[in-house]
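Structure first, then comments.
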Amino acid sequence: MITGSIVALVTPMHADGSVDWTGLERLLDLHLQSGTAAIGAVGTTGESATLSVEEHCEVISHCVNYLGGRLPVVAGTGSNSTWEAIALTRAAAEAGAAACLLVTPYYNRPTQRGLYEHFKAIATAVDVPQILYNVPGRTCVDMSNETVARLAELANISGIKDATGDLARGRELIALCGERIAIYSGDDPTAMELILAGGHGNISVTANVAPARMAQLCRLALAGDRAGAAEINDSLAALNAALFVEANPIPVKWALQQRGLIEEGIRLPLTPLDPAYHGRVLAALEAAGI
């Protein structure tokens with residue numbers, strides 16, 4: 001079971017939108033040096049929606065091969081097509097991913113029964129640890145805690161990324177199945193509290209630009225050190241908010257560009273950060289000591 005800070009890694013791109021493999025390796029090196037617990041590749045923050053299937057699989061393979069076992073890779077392999085999700089999950093497992101992250105099917109809006117059968121089909125088809133991903137704000141699909149608890153009975157369902165930001169709901173989830181699967185936050189502002197309540201870590205956007213700080217926050221929270229974790233959490237509060245002034249990953253990619261870590265590439269329909277927000281993101285970086 002992976003615990004701690006799992007970075008929801010951006011996919012670096014050149015100005016023409018092609019994948020920047022050298023930039024990707026630079027980011028992986030940063031996380032190796034910063035105490036990050038695992039790399040979350042090609043999830044929402046990694047622009048999975050606009051990568052081709054070939055690129056999607058290549059990014060996963062590149063991360064696994066470059067890291068060479070030094071950090072585990074959690075590969076985003078979800079889809080609103082069950083068969084496509086199975087194919088992506090199988091490819092990630094064959095590439096050597098330690099686990100796969102599977103978002104709830106978006107747009108087609110399945111029932112709770114449909115969600116259960118979707119994830120059960122993937123778990124049955126591919127023998128790799130699988131982390132469910134509930135982010136109703138993006139998918140317009142909300143998987144109930146009861147459905148998660150049912151899925152937690154399957155052998156290779158190993159965790160869930162709860163990006164609802166609802167701490168009461170998160171605590172209920174921990175009580176229902178926190179002893180069987182890992183409960184990860186997918187919401188940076190509330191991650192500390194969820195970990196202190198018994199969660200296992202944070203799949204984090206903020207970790208892209210503050211990897212060492214987020215890793216330390218998670219370590220302290222996992223150890224039950226509320227005061228130490230809160231000090232870091234307070235210092236990151238403005239940054240957590242600023243990284244969502246426009247749709248993720250627009251602000252975080254711009255912030256990484258300001259740090260000289262990646263080039264300016266981002267794929268349509270996403271566009272570069274509106275200049276109206278540059279000052280706010282820069283101020284948040286400065287307030288966080290970055």
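Every chain in the structure tokens has a letter given in the order shown (A, B, ...), and although residue numbers restart at 1 in each chain, ligands are simply numbered from 1 in the order shown.
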
Who sits within 12 Å of Ala91 in chain A, only C-alpha atoms, same chain under 6 positions skipped, as a ChimeraX atom specification: /A:53-61,75-77,84-85,97,99-100,125-128

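Residues of range 21-123 of chain A that DSSP places in strand (DSSP E), based on the backbone of this structure, are Ala38, Ile39, Gly40, Ala41, Val73, Val74, Ala75, Gly76, Ala99, Cys100, Leu101, Leu102 and Val103 of chain A.
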
Contacts of Arg213 in chain A within 10 Å, only C-alpha atoms, excl. fewer than 2 positions in-chain, as an MDAnalysis selection string: chainID A and resid 5 34:36 206:207 209:211 215:219 229 232:233 235:236 288

Who sits within 12 Å of range 144-156 of chain A, only C-alpha atoms, same chain under 4 positions skipped, as an MDAnalysis selection string: chainID A and resid 1 98:100 104 111:136 160:162 164 166 168:183

Selection to disk with C-alpha atoms, as a short mmCIF file (atom, residue, chain, number, x, y, z; two decimals), in the first residue's frame:
```cif
data_model
loop_
_atom_site.label_atom_id
_atom_site.label_comp_id
_atom_site.auth_asym_id
_atom_site.auth_seq_id
_atom_site.Cartn_x
_atom_site.Cartn_y
_atom_site.Cartn_z
CA MET A 1 0.00 0.00 0.00
CA ALA A 98 2.51 -0.38 -9.57
CA ALA A 99 -1.19 0.50 -9.62
CA CYS A 100 -3.81 2.04 -11.88
CA THR A 104 -15.67 7.18 -12.73
CA THR A 111 -26.15 4.34 -12.24
CA GLN A 112 -24.57 3.04 -9.03
CA ARG A 113 -25.14 -0.46 -10.38
CA GLY A 114 -23.39 0.52 -13.60
CA LEU A 115 -20.45 1.96 -11.67
CA TYR A 116 -20.09 -1.24 -9.66
CA GLU A 117 -20.19 -3.43 -12.77
CA HIS A 118 -17.76 -1.14 -14.64
CA PHE A 119 -15.09 -1.31 -11.95
CA LYS A 120 -15.74 -4.99 -11.27
CA ALA A 121 -15.19 -5.77 -14.96
CA ILE A 122 -11.82 -3.99 -14.96
CA ALA A 123 -10.74 -5.61 -11.69
CA THR A 124 -11.70 -9.03 -13.03
CA ALA A 125 -9.94 -8.50 -16.36
CA VAL A 126 -6.58 -7.12 -15.15
CA ASP A 127 -4.58 -8.40 -12.20
CA VAL A 128 -3.06 -5.14 -10.97
CA PRO A 129 -3.87 -3.01 -7.89
CA GLN A 130 -6.59 -0.53 -8.82
CA ILE A 131 -7.46 2.79 -7.20
CA LEU A 132 -10.95 4.15 -7.77
CA TYR A 133 -11.25 7.88 -8.49
CA ASN A 134 -14.37 9.84 -7.59
CA VAL A 135 -14.38 13.45 -8.82
CA PRO A 136 -18.02 14.44 -9.39
CA ILE A 160 -9.86 5.30 -3.74
CA LYS A 161 -8.98 8.88 -4.56
CA ASP A 162 -11.80 10.92 -3.01
CA THR A 164 -15.10 15.49 -3.28
CA ASP A 166 -16.28 16.59 1.73
CA ALA A 168 -17.67 14.20 6.62
CA ARG A 169 -18.09 11.93 3.67
CA GLY A 170 -14.39 11.06 3.71
CA ARG A 171 -14.55 10.09 7.37
CA GLU A 172 -17.56 7.87 6.66
CA LEU A 173 -15.61 6.23 3.84
CA ILE A 174 -12.69 5.54 6.19
CA ALA A 175 -15.08 3.98 8.71
CA LEU A 176 -16.74 1.83 6.03
CA CYS A 177 -13.67 0.41 4.29
CA GLY A 178 -10.49 2.17 5.44
CA GLU A 179 -9.15 -1.09 6.85
CA ARG A 180 -9.53 -2.86 3.50
CA ILE A 181 -8.39 -0.21 1.01
CA ALA A 182 -6.31 2.96 1.08
CA ILE A 183 -8.29 6.21 1.23
#
```

Which polymer residues have any atom within 10 Å of an atom of Asn248 in chain A, counting only C-alpha atoms, with same-chain residues fewer than 6 positions away left out, as a PDB file with N, CA and C atoms, in the first residue's frame?
```
ATOM      1  N   VAL A  10       1.925  16.648 -14.061  1.00  0.00           N
ATOM      2  CA  VAL A  10       1.624  17.242 -15.362  1.00  0.00           C
ATOM      3  C   VAL A  10       2.377  16.472 -16.445  1.00  0.00           C
ATOM      4  N   THR A  44      -5.931  13.391 -14.639  1.00  0.00           N
ATOM      5  CA  THR A  44      -6.527  14.656 -15.077  1.00  0.00           C
ATOM      6  C   THR A  44      -5.458  15.725 -15.273  1.00  0.00           C
ATOM      7  N   THR A  45      -4.566  15.860 -14.300  1.00  0.00           N
ATOM      8  CA  THR A  45      -3.520  16.886 -14.358  1.00  0.00           C
ATOM      9  C   THR A  45      -2.535  16.602 -15.475  1.00  0.00           C
ATOM     10  N   GLY A  46      -2.408  15.333 -15.867  1.00  0.00           N
ATOM     11  CA  GLY A  46      -1.513  14.953 -16.960  1.00  0.00           C
ATOM     12  C   GLY A  46      -2.140  15.074 -18.335  1.00  0.00           C
ATOM     13  N   GLU A  47      -3.301  15.730 -18.426  1.00  0.00           N
ATOM     14  CA  GLU A  47      -4.002  15.961 -19.701  1.00  0.00           C
ATOM     15  C   GLU A  47      -4.321  14.660 -20.439  1.00  0.00           C
ATOM     16  N   VAL A 205      -2.180  17.931  -6.710  1.00  0.00           N
ATOM     17  CA  VAL A 205      -1.787  18.889  -7.752  1.00  0.00           C
ATOM     18  C   VAL A 205      -0.676  19.795  -7.228  1.00  0.00           C
ATOM     19  N   LEU A 270      -7.585  23.345 -23.745  1.00  0.00           N
ATOM     20  CA  LEU A 270      -7.009  24.161 -22.682  1.00  0.00           C
ATOM     21  C   LEU A 270      -6.099  25.214 -23.298  1.00  0.00           C
TER      22      LEU A 270
END
```

Env of Phe244 in chain A: 12 Å cut, atoms = only C-alpha atoms, seq-sep filter 3 positions within chain, self excluded. Answer as a PDB file with N, CA and C atoms, in the first residue's frame.
```pdb
ATOM      1  N   THR A  45      -4.566  15.860 -14.300  1.00  0.00           N
ATOM      2  CA  THR A  45      -3.520  16.886 -14.358  1.00  0.00           C
ATOM      3  C   THR A  45      -2.535  16.602 -15.475  1.00  0.00           C
ATOM      4  N   ASP A 187      -7.998  16.273  -2.920  1.00  0.00           N
ATOM      5  CA  ASP A 187      -8.354  17.685  -2.733  1.00  0.00           C
ATOM      6  C   ASP A 187      -7.334  18.306  -1.793  1.00  0.00           C
ATOM      7  N   ASP A 188      -6.393  19.073  -2.332  1.00  0.00           N
ATOM      8  CA  ASP A 188      -5.291  19.598  -1.531  1.00  0.00           C
ATOM      9  C   ASP A 188      -5.728  20.389  -0.294  1.00  0.00           C
ATOM     10  N   PRO A 189      -6.740  21.253  -0.374  1.00  0.00           N
ATOM     11  CA  PRO A 189      -7.096  22.038   0.822  1.00  0.00           C
ATOM     12  C   PRO A 189      -7.554  21.203   2.013  1.00  0.00           C
ATOM     13  N   VAL A 205      -2.180  17.931  -6.710  1.00  0.00           N
ATOM     14  CA  VAL A 205      -1.787  18.889  -7.752  1.00  0.00           C
ATOM     15  C   VAL A 205      -0.676  19.795  -7.228  1.00  0.00           C
ATOM     16  N   THR A 206      -0.839  20.289  -6.003  1.00  0.00           N
ATOM     17  CA  THR A 206       0.133  21.207  -5.412  1.00  0.00           C
ATOM     18  C   THR A 206       1.526  20.587  -5.330  1.00  0.00           C
ATOM     19  N   ALA A 237      -1.883  27.204   1.783  1.00  0.00           N
ATOM     20  CA  ALA A 237      -3.312  27.448   1.561  1.00  0.00           C
ATOM     21  C   ALA A 237      -3.568  28.341   0.354  1.00  0.00           C
ATOM     22  N   ALA A 238      -2.833  29.441   0.236  1.00  0.00           N
ATOM     23  CA  ALA A 238      -3.045  30.348  -0.891  1.00  0.00           C
ATOM     24  C   ALA A 238      -2.669  29.683  -2.203  1.00  0.00           C
ATOM     25  N   LEU A 239      -1.633  28.855  -2.173  1.00  0.00           N
ATOM     26  CA  LEU A 239      -1.204  28.158  -3.382  1.00  0.00           C
ATOM     27  C   LEU A 239      -2.237  27.117  -3.810  1.00  0.00           C
ATOM     28  N   ASN A 240      -2.766  26.379  -2.846  1.00  0.00           N
ATOM     29  CA  ASN A 240      -3.811  25.404  -3.169  1.00  0.00           C
ATOM     30  C   ASN A 240      -4.967  26.071  -3.909  1.00  0.00           C
ATOM     31  N   ALA A 241      -5.352  27.251  -3.460  1.00  0.00           N
ATOM     32  CA  ALA A 241      -6.458  27.974  -4.098  1.00  0.00           C
ATOM     33  C   ALA A 241      -6.055  28.535  -5.455  1.00  0.00           C
ATOM     34  N   ALA A 247      -9.155  26.139 -14.943  1.00  0.00           N
ATOM     35  CA  ALA A 247      -9.234  24.678 -14.899  1.00  0.00           C
ATOM     36  C   ALA A 247      -7.847  24.052 -14.799  1.00  0.00           C
ATOM     37  N   ASN A 248      -7.722  23.108 -13.885  1.00  0.00           N
ATOM     38  CA  ASN A 248      -6.506  22.307 -13.767  1.00  0.00           C
ATOM     39  C   ASN A 248      -6.291  21.516 -15.075  1.00  0.00           C
ATOM     40  N   PRO A 249      -5.085  21.493 -15.641  1.00  0.00           N
ATOM     41  CA  PRO A 249      -3.797  21.926 -15.105  1.00  0.00           C
ATOM     42  C   PRO A 249      -3.278  23.268 -15.631  1.00  0.00           C
ATOM     43  N   ILE A 250      -4.166  24.157 -16.041  1.00  0.00           N
ATOM     44  CA  ILE A 250      -3.697  25.426 -16.605  1.00  0.00           C
ATOM     45  C   ILE A 250      -2.800  26.182 -15.619  1.00  0.00           C
ATOM     46  N   PRO A 251      -3.264  26.455 -14.383  1.00  0.00           N
ATOM     47  CA  PRO A 251      -2.414  27.248 -13.480  1.00  0.00           C
ATOM     48  C   PRO A 251      -1.133  26.535 -13.057  1.00  0.00           C
ATOM     49  N   VAL A 252      -1.221  25.217 -12.797  1.00  0.00           N
ATOM     50  CA  VAL A 252      -0.030  24.522 -12.309  1.00  0.00           C
ATOM     51  C   VAL A 252       1.029  24.419 -13.406  1.00  0.00           C
ATOM     52  N   LYS A 253       0.617  24.279 -14.656  1.00  0.00           N
ATOM     53  CA  LYS A 253       1.621  24.250 -15.730  1.00  0.00           C
ATOM     54  C   LYS A 253       2.293  25.622 -15.855  1.00  0.00           C
ATOM     55  N   TRP A 254       1.508  26.675 -15.699  1.00  0.00           N
ATOM     56  CA  TRP A 254       2.103  28.020 -15.772  1.00  0.00           C
ATOM     57  C   TRP A 254       3.078  28.230 -14.616  1.00  0.00           C
ATOM     58  N   ALA A 255       2.696  27.771 -13.420  1.00  0.00           N
ATOM     59  CA  ALA A 255       3.583  27.909 -12.258  1.00  0.00           C
ATOM     60  C   ALA A 255       4.891  27.151 -12.471  1.00  0.00           C
ATOM     61  N   LEU A 273      -2.581  30.174 -19.102  1.00  0.00           N
ATOM     62  CA  LEU A 273      -3.201  30.938 -18.020  1.00  0.00           C
ATOM     63  C   LEU A 273      -3.456  32.384 -18.439  1.00  0.00           C
ATOM     64  N   TYR A 277      -4.580  36.407 -14.098  1.00  0.00           N
ATOM     65  CA  TYR A 277      -4.312  35.590 -12.922  1.00  0.00           C
ATOM     66  C   TYR A 277      -2.824  35.425 -12.628  1.00  0.00           C
ATOM     67  N   ARG A 280      -1.764  36.697  -9.157  1.00  0.00           N
ATOM     68  CA  ARG A 280      -2.274  35.907  -8.030  1.00  0.00           C
ATOM     69  C   ARG A 280      -1.453  34.621  -7.854  1.00  0.00           C
ATOM     70  N   VAL A 281      -1.127  33.953  -8.963  1.00  0.00           N
ATOM     71  CA  VAL A 281      -0.368  32.716  -8.857  1.00  0.00           C
ATOM     72  C   VAL A 281       1.055  33.008  -8.383  1.00  0.00           C
ATOM     73  N   ALA A 284       1.021  33.694  -4.701  1.00  0.00           N
ATOM     74  CA  ALA A 284       0.840  32.466  -3.925  1.00  0.00           C
ATOM     75  C   ALA A 284       2.125  31.654  -3.861  1.00  0.00           C
TER      76      ALA A 284
END
```

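Here CA of Gly96 in chain A is placed at a distance of 9.6 Å from CA of Gly68 in chain A.
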
DSSP alpha helix (DSSP H) residues within range 91-181 of chain A, as a ChimeraX atom specification: /A:91-95,112-125,136-139,145-151,167-177

Selected residues written out with C-alpha atoms, as a CSV table (one decimal), in the first residue's frame:
```
chain,number,residue,atom,x,y,z
A,91,ALA,CA,-1.2,-1.9,-21.1
A,92,ALA,CA,-0.2,-0.1,-17.9
A,93,ALA,CA,0.2,-3.3,-16.0
A,94,GLU,CA,2.3,-4.8,-18.8
A,95,ALA,CA,4.5,-1.6,-18.7
A,112,GLN,CA,-24.6,3.0,-9.0
A,113,ARG,CA,-25.1,-0.5,-10.4
A,114,GLY,CA,-23.4,0.5,-13.6
A,115,LEU,CA,-20.4,2.0,-11.7
A,116,TYR,CA,-20.1,-1.2,-9.7
A,117,GLU,CA,-20.2,-3.4,-12.8
A,118,HIS,CA,-17.8,-1.1,-14.6
A,119,PHE,CA,-15.1,-1.3,-12.0
A,120,LYS,CA,-15.7,-5.0,-11.3
A,121,ALA,CA,-15.2,-5.8,-15.0
A,122,ILE,CA,-11.8,-4.0,-15.0
A,123,ALA,CA,-10.7,-5.6,-11.7
A,124,THR,CA,-11.7,-9.0,-13.0
A,125,ALA,CA,-9.9,-8.5,-16.4
A,136,PRO,CA,-18.0,14.4,-9.4
A,137,GLY,CA,-17.1,18.1,-10.0
A,138,ARG,CA,-15.5,17.0,-13.3
A,139,THR,CA,-17.4,13.9,-14.3
A,145,ASN,CA,-19.7,5.4,-0.3
A,146,GLU,CA,-21.8,2.3,-0.3
A,147,THR,CA,-20.7,1.4,-3.8
A,148,VAL,CA,-17.1,2.0,-2.9
A,149,ALA,CA,-17.5,-0.3,0.1
A,150,ARG,CA,-18.9,-3.0,-2.2
A,151,LEU,CA,-16.0,-2.6,-4.6
A,167,LEU,CA,-14.6,15.6,5.0
A,168,ALA,CA,-17.7,14.2,6.6
A,169,ARG,CA,-18.1,11.9,3.7
A,170,GLY,CA,-14.4,11.1,3.7
A,171,ARG,CA,-14.6,10.1,7.4
A,172,GLU,CA,-17.6,7.9,6.7
A,173,LEU,CA,-15.6,6.2,3.8
A,174,ILE,CA,-12.7,5.5,6.2
A,175,ALA,CA,-15.1,4.0,8.7
A,176,LEU,CA,-16.7,1.8,6.0
A,177,CYS,CA,-13.7,0.4,4.3
```

Residue nearest Trp21 in chain A - candidates A:Trp83, A:Tyr66, A:Leu51, A:His278, atoms counted: only C-alpha atoms: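 When distances to Trp21 in chain A are compared using only C-alpha atoms, the smallest one comes from A:Tyr66.
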
Residue nearest Met214 in chain A among A:Ala37, A:Leu256, A:Leu102, A:Ala15 (counting only C-alpha atoms): A:Ala37
